[in-house]
>>> print(open('coords_32.cif').read())   # mmCIF, C-alpha atoms, pLDDT in the B column; chains and numbers go by the auth columns
data_protein
#
loop_
_atom_site.group_PDB
_atom_site.id
_atom_site.type_symbol
_atom_site.label_atom_id
_atom_site.label_comp_id
_atom_site.label_asym_id
_atom_site.label_seq_id
_atom_site.Cartn_x
_atom_site.Cartn_y
_atom_site.Cartn_z
_atom_site.B_iso_or_equiv
_atom_site.auth_seq_id
_atom_site.auth_asym_id
ATOM 1 C CA MET A 1 -23.146 -35.152 -12.831 83.00 1 A
ATOM 2 C CA LEU A 2 -21.607 -31.973 -11.493 93.00 2 A
ATOM 3 C CA ARG A 3 -20.688 -32.213 -7.830 96.00 3 A
ATOM 4 C CA LYS A 4 -17.609 -32.195 -5.634 97.00 4 A
ATOM 5 C CA GLY A 5 -15.453 -35.152 -6.621 97.00 5 A
ATOM 6 C CA SER A 6 -16.679 -35.245 -10.230 97.00 6 A
ATOM 7 C CA ILE A 7 -13.930 -36.004 -12.724 98.00 7 A
ATOM 8 C CA PHE A 8 -13.778 -34.336 -16.129 97.00 8 A
ATOM 9 C CA LEU A 9 -11.351 -34.426 -19.017 95.00 9 A
ATOM 10 C CA ILE A 10 -10.416 -30.798 -19.694 92.00 10 A
ATOM 11 C CA THR A 11 -7.890 -28.876 -21.762 87.00 11 A
ATOM 12 C CA LEU A 12 -5.671 -26.493 -19.825 78.00 12 A
ATOM 13 C CA PRO A 13 -3.942 -23.605 -21.598 72.00 13 A
ATOM 14 C CA ALA A 14 -0.255 -23.885 -22.463 69.00 14 A
ATOM 15 C CA HIS A 15 2.164 -22.212 -20.038 67.00 15 A
ATOM 16 C CA THR A 16 5.634 -22.223 -21.470 59.00 16 A
ATOM 17 C CA GLY A 17 8.466 -22.177 -19.008 59.00 17 A
ATOM 18 C CA ASP A 18 6.630 -22.846 -15.754 60.00 18 A
ATOM 19 C CA HIS A 19 5.585 -25.901 -13.766 59.00 19 A
ATOM 20 C CA THR A 20 1.808 -25.703 -14.142 67.00 20 A
ATOM 21 C CA GLN A 21 -0.126 -28.460 -15.861 67.00 21 A
ATOM 22 C CA GLU A 22 -1.213 -27.919 -19.445 64.00 22 A
ATOM 23 C CA GLY A 23 -3.019 -29.696 -22.254 74.00 23 A
ATOM 24 C CA ARG A 24 -5.689 -32.408 -21.980 86.00 24 A
ATOM 25 C CA ARG A 25 -5.888 -34.041 -18.591 91.00 25 A
ATOM 26 C CA TYR A 26 -8.279 -35.108 -15.909 95.00 26 A
ATOM 27 C CA ALA A 27 -9.454 -32.564 -13.357 96.00 27 A
ATOM 28 C CA VAL A 28 -11.435 -33.075 -10.162 97.00 28 A
ATOM 29 C CA VAL A 29 -14.128 -30.642 -8.979 97.00 29 A
ATOM 30 C CA VAL A 30 -13.194 -29.409 -5.501 97.00 30 A
ATOM 31 C CA THR A 31 -15.990 -26.850 -5.031 94.00 31 A
ATOM 32 C CA ALA A 32 -18.462 -27.906 -2.354 93.00 32 A
ATOM 33 C CA THR A 33 -21.601 -29.223 -4.056 90.00 33 A
ATOM 34 C CA ASN A 34 -23.841 -26.682 -2.242 92.00 34 A
ATOM 35 C CA PHE A 35 -21.807 -23.784 -3.694 92.00 35 A
ATOM 36 C CA ILE A 36 -21.637 -24.803 -7.342 91.00 36 A
ATOM 37 C CA GLY A 37 -22.601 -21.917 -9.616 91.00 37 A
ATOM 38 C CA SER A 38 -21.539 -20.898 -13.098 94.00 38 A
ATOM 39 C CA VAL A 39 -17.848 -21.363 -12.200 94.00 39 A
ATOM 40 C CA VAL A 40 -16.324 -24.207 -10.180 96.00 40 A
ATOM 41 C CA THR A 41 -12.859 -24.820 -8.832 96.00 41 A
ATOM 42 C CA VAL A 42 -11.068 -27.845 -10.219 96.00 42 A
ATOM 43 C CA ALA A 43 -7.697 -29.428 -9.479 96.00 43 A
ATOM 44 C CA PRO A 44 -5.776 -30.981 -12.371 95.00 44 A
ATOM 45 C CA THR A 45 -4.206 -34.408 -12.048 95.00 45 A
ATOM 46 C CA SER A 46 -0.838 -35.904 -12.891 94.00 46 A
ATOM 47 C CA THR A 47 0.385 -39.474 -13.199 94.00 47 A
ATOM 48 C CA SER A 48 4.003 -38.430 -12.576 92.00 48 A
ATOM 49 C CA ALA A 49 3.723 -35.913 -9.705 93.00 49 A
ATOM 50 C CA ARG A 50 5.631 -36.739 -6.543 95.00 50 A
ATOM 51 C CA PRO A 51 3.671 -37.807 -3.463 95.00 51 A
ATOM 52 C CA SER A 52 2.640 -35.101 -1.013 95.00 52 A
ATOM 53 C CA LEU A 53 0.130 -34.752 1.804 94.00 53 A
ATOM 54 C CA THR A 54 -1.660 -32.168 -0.366 95.00 54 A
ATOM 55 C CA ARG A 55 -1.711 -34.384 -3.468 97.00 55 A
ATOM 56 C CA PRO A 56 -4.278 -37.102 -2.755 98.00 56 A
ATOM 57 C CA GLU A 57 -4.173 -40.170 -4.951 97.00 57 A
ATOM 58 C CA ALA A 58 -7.054 -41.362 -7.109 98.00 58 A
ATOM 59 C CA GLU A 59 -7.565 -44.003 -9.757 97.00 59 A
ATOM 60 C CA ILE A 60 -9.048 -42.589 -12.951 96.00 60 A
ATOM 61 C CA ASP A 61 -9.733 -44.805 -15.948 94.00 61 A
ATOM 62 C CA GLY A 62 -7.570 -47.522 -14.390 95.00 62 A
ATOM 63 C CA ARG A 63 -4.514 -45.291 -13.814 96.00 63 A
ATOM 64 C CA LYS A 64 -3.177 -44.011 -10.512 96.00 64 A
ATOM 65 C CA CYS A 65 -2.766 -40.257 -10.430 97.00 65 A
ATOM 66 C CA ARG A 66 -2.337 -37.416 -7.960 97.00 66 A
ATOM 67 C CA ILE A 67 -4.766 -34.528 -7.575 97.00 67 A
ATOM 68 C CA LEU A 68 -2.675 -31.342 -7.632 96.00 68 A
ATOM 69 C CA LEU A 69 -4.349 -29.022 -5.140 96.00 69 A
ATOM 70 C CA GLU A 70 -1.579 -26.432 -5.519 94.00 70 A
ATOM 71 C CA GLN A 71 -2.763 -25.901 -9.119 92.00 71 A
ATOM 72 C CA MET A 72 -6.485 -25.387 -8.498 94.00 72 A
ATOM 73 C CA LEU A 73 -8.223 -23.056 -10.935 91.00 73 A
ATOM 74 C CA GLY A 74 -11.674 -21.744 -11.773 93.00 74 A
ATOM 75 C CA VAL A 75 -13.483 -23.205 -14.790 92.00 75 A
ATOM 76 C CA ASP A 76 -16.775 -22.127 -16.350 93.00 76 A
ATOM 77 C CA ILE A 77 -19.171 -25.076 -16.037 95.00 77 A
ATOM 78 C CA THR A 78 -20.072 -24.801 -19.725 93.00 78 A
ATOM 79 C CA LYS A 79 -16.556 -26.082 -20.475 91.00 79 A
ATOM 80 C CA LEU A 80 -17.064 -29.251 -18.419 94.00 80 A
ATOM 81 C CA ASN A 81 -18.490 -31.443 -21.164 93.00 81 A
ATOM 82 C CA ASN A 82 -16.434 -34.624 -20.899 95.00 82 A
ATOM 83 C CA TRP A 83 -17.586 -36.267 -17.648 97.00 83 A
ATOM 84 C CA ILE A 84 -15.484 -39.300 -16.680 97.00 84 A
ATOM 85 C CA GLY A 85 -16.858 -40.318 -13.291 97.00 85 A
ATOM 86 C CA VAL A 86 -16.648 -39.492 -9.616 97.00 86 A
ATOM 87 C CA LEU A 87 -14.139 -40.215 -6.848 98.00 87 A
ATOM 88 C CA ASN A 88 -14.986 -43.180 -4.626 98.00 88 A
ATOM 89 C CA ASP A 89 -15.622 -42.710 -0.887 97.00 89 A
ATOM 90 C CA ASP A 90 -12.003 -43.350 0.159 98.00 90 A
ATOM 91 C CA GLU A 91 -10.699 -40.960 -2.489 98.00 91 A
ATOM 92 C CA MET A 92 -13.213 -38.302 -1.373 97.00 92 A
ATOM 93 C CA ASP A 93 -12.052 -38.681 2.237 97.00 93 A
ATOM 94 C CA ALA A 94 -8.427 -38.278 1.124 97.00 94 A
ATOM 95 C CA LEU A 95 -9.388 -35.222 -0.969 98.00 95 A
ATOM 96 C CA ASP A 96 -11.200 -33.617 1.976 97.00 96 A
ATOM 97 C CA ASP A 97 -8.247 -34.261 4.304 97.00 97 A
ATOM 98 C CA ALA A 98 -5.800 -32.813 1.774 97.00 98 A
ATOM 99 C CA LEU A 99 -7.997 -29.737 1.178 97.00 99 A
ATOM 100 C CA ARG A 100 -8.188 -29.047 4.920 96.00 100 A
ATOM 101 C CA LEU A 101 -4.417 -29.364 5.193 96.00 101 A
ATOM 102 C CA TYR A 102 -3.756 -27.252 2.086 93.00 102 A
ATOM 103 C CA HIS A 103 -5.989 -24.443 3.370 92.00 103 A
ATOM 104 C CA GLY A 104 -4.594 -24.618 6.909 92.00 104 A
ATOM 105 C CA LEU A 105 -7.842 -25.844 8.461 90.00 105 A
ATOM 106 C CA LEU A 106 -6.275 -28.701 10.452 72.00 106 A
#
>>> encode(input="coords_32.cif", output="C-alpha cells")
Amino acid sequence: MLRKGSIFLITLPAHTGDHTQEGRRYAVVVTATNFIGSVVTVAPTSTSARPSLTRPEAEIDGRKCRILLEQMLGVDITKLNNWIGVLNDDEMDALDDALRLYHGLL
C-alpha cells in the first residue's frame, strides 16, 4: 500500500566519502497521500543515528530506528517493490511533528 507512512526496503546508491545513507535499508514515504504521483519523497532510516527532534523514532521489523528527514530523496514509485508495513499512529504523529519542525512550519 503506497501512502504516507508506508515503509519499504530500498537500495540507495553508494556515496563514498560523505555522510549520506547507502545500500539496502528501510525508507519511509513522507509525501502526503493526496499528492502521490509517479515519484514520492522518502526518508531513509538508521539504527545507529543519534537522536534529534527531526529524526523521529519508529520500530520496523522489531528494531528501533530513526527516520532521517535530513536525507529525504525522490524515488520513482516503480522502484518501491518491497513493502514492509506502515508506521503506527504514534509514529505517524511523531513523523508529522518532525516534518513540521524540519520545514520550519512550527
>>> resolve_selection(input="coords_32.cif", expression="the PyMOL selection byres ((chain A and resi 95) around 10)", output="PDB file with C-alpha atoms, in the coordinates of the input")
ATOM      1  CA  LYS A   4     -17.609 -32.195  -5.634  1.00 97.00           C
ATOM      2  CA  GLY A   5     -15.453 -35.152  -6.621  1.00 97.00           C
ATOM      3  CA  VAL A  28     -11.435 -33.075 -10.162  1.00 97.00           C
ATOM      4  CA  VAL A  30     -13.194 -29.409  -5.501  1.00 97.00           C
ATOM      5  CA  LEU A  53       0.130 -34.752   1.804  1.00 94.00           C
ATOM      6  CA  THR A  54      -1.660 -32.168  -0.366  1.00 95.00           C
ATOM      7  CA  ARG A  55      -1.711 -34.384  -3.468  1.00 97.00           C
ATOM      8  CA  PRO A  56      -4.278 -37.102  -2.755  1.00 98.00           C
ATOM      9  CA  GLU A  57      -4.173 -40.170  -4.951  1.00 97.00           C
ATOM     10  CA  ALA A  58      -7.054 -41.362  -7.109  1.00 98.00           C
ATOM     11  CA  ILE A  67      -4.766 -34.528  -7.575  1.00 97.00           C
ATOM     12  CA  LEU A  69      -4.349 -29.022  -5.140  1.00 96.00           C
ATOM     13  CA  LEU A  87     -14.139 -40.215  -6.848  1.00 98.00           C
ATOM     14  CA  ASP A  89     -15.622 -42.710  -0.887  1.00 97.00           C
ATOM     15  CA  ASP A  90     -12.003 -43.350   0.159  1.00 98.00           C
ATOM     16  CA  GLU A  91     -10.699 -40.960  -2.489  1.00 98.00           C
ATOM     17  CA  MET A  92     -13.213 -38.302  -1.373  1.00 97.00           C
ATOM     18  CA  ASP A  93     -12.052 -38.681   2.237  1.00 97.00           C
ATOM     19  CA  ALA A  94      -8.427 -38.278   1.124  1.00 97.00           C
ATOM     20  CA  ASP A  96     -11.200 -33.617   1.976  1.00 97.00           C
ATOM     21  CA  ASP A  97      -8.247 -34.261   4.304  1.00 97.00           C
ATOM     22  CA  ALA A  98      -5.800 -32.813   1.774  1.00 97.00           C
ATOM     23  CA  LEU A  99      -7.997 -29.737   1.178  1.00 97.00           C
ATOM     24  CA  ARG A 100      -8.188 -29.047   4.920  1.00 96.00           C
ATOM     25  CA  LEU A 101      -4.417 -29.364   5.193  1.00 96.00           C
TER      26      LEU A 101
END
>>> axis_aligned_box(input="coords_32.cif", around="stretch 32-51 of chain A", padding_each_side="3 Å", output="JSON")
{"center_x": -9.1, "center_y": -30.2, "center_z": -7.7, "size_x": 35.5, "size_y": 24.6, "size_z": 17.0}
>>> resolve_selection(input="coords_32.cif", expression="the PyMOL selection byres ((chain A and resi 68) around 10)", output="PyMOL selection string")
chain A and resi 20-21+27-28+42-46+49-52+54-57+65-67+69-72
>>> resolve_selection(input="coords_32.cif", expression="the PyMOL selection byres ((chain A and resi 7) around 6)", output="list in words")
Ser6, Phe8, Ala27, Val28, Ile84, Gly85 and Val86 of chain A
>>> atom_distance(input="coords_32.cif", atom1="atom CA of A:Gly74", atom2="atom CA of A:Leu2")
14.3 Å
>>> closest_residue(input="coords_32.cif", among="A:Ser48, A:Ser38, A:Asn82, A:Thr11", to="A:Gly23", atoms="all atoms listed in the file")
A:Thr11
>>> closest_residue(input="coords_32.cif", among="A:Leu80, A:Tyr26, A:Gly104, A:Pro13", to="A:Val40", atoms="all atoms listed in the file")
A:Leu80
>>> closest_residue(input="coords_32.cif", among="A:Leu105, A:Leu9, A:Met1, A:Ile36", to="A:Ile60", atoms="all atoms listed in the file")
A:Leu9
>>> closest_residue(input="coords_32.cif", among="A:Val29, A:Val75, A:Thr47, A:Thr41", to="A:Leu12", atoms="only C-alpha atoms")
A:Val75
>>> atom_distance(input="coords_32.cif", atom1="atom CA of A:Trp83", atom2="atom CA of A:Glu59")
14.9 Å
>>> atom_distance(input="coords_32.cif", atom1="atom CA of A:Arg3", atom2="atom CA of A:Val39")
12.0 Å
>>> closest_residue(input="coords_32.cif", among="A:Leu106, A:Asp61, A:Asp76, A:Asn88", to="A:Arg25", atoms="all atoms listed in the file")
A:Asp61
>>> decode(input="coords_32.cif", residues="stretch 66-83 of chain A", atoms="C-alpha atoms", output="PDB file, in the first residue's frame")
ATOM      1  CA  ARG A  66      15.406   6.788  13.359  1.00  0.00           C
ATOM      2  CA  ILE A  67      13.831   8.318  10.266  1.00  0.00           C
ATOM      3  CA  LEU A  68      16.442  10.653   8.764  1.00  0.00           C
ATOM      4  CA  LEU A  69      14.471  13.612   7.440  1.00  0.00           C
ATOM      5  CA  GLU A  70      17.667  15.483   6.541  1.00  0.00           C
ATOM      6  CA  GLN A  71      18.328  12.796   3.898  1.00  0.00           C
ATOM      7  CA  MET A  72      14.952  12.790   2.136  1.00  0.00           C
ATOM      8  CA  LEU A  73      15.064  11.968  -1.567  1.00  0.00           C
ATOM      9  CA  GLY A  74      12.749  11.387  -4.505  1.00  0.00           C
ATOM     10  CA  VAL A  75      12.132   7.804  -5.643  1.00  0.00           C
ATOM     11  CA  ASP A  76      10.212   6.562  -8.677  1.00  0.00           C
ATOM     12  CA  ILE A  77       7.281   4.503  -7.370  1.00  0.00           C
ATOM     13  CA  THR A  78       8.163   1.653  -9.733  1.00  0.00           C
ATOM     14  CA  LYS A  79      11.230   1.050  -7.544  1.00  0.00           C
ATOM     15  CA  LEU A  80       9.130   0.595  -4.395  1.00  0.00           C
ATOM     16  CA  ASN A  81       8.551  -3.141  -4.678  1.00  0.00           C
ATOM     17  CA  ASN A  82       9.450  -4.430  -1.222  1.00  0.00           C
ATOM     18  CA  TRP A  83       6.644  -3.182   1.050  1.00  0.00           C
TER      19      TRP A  83
END
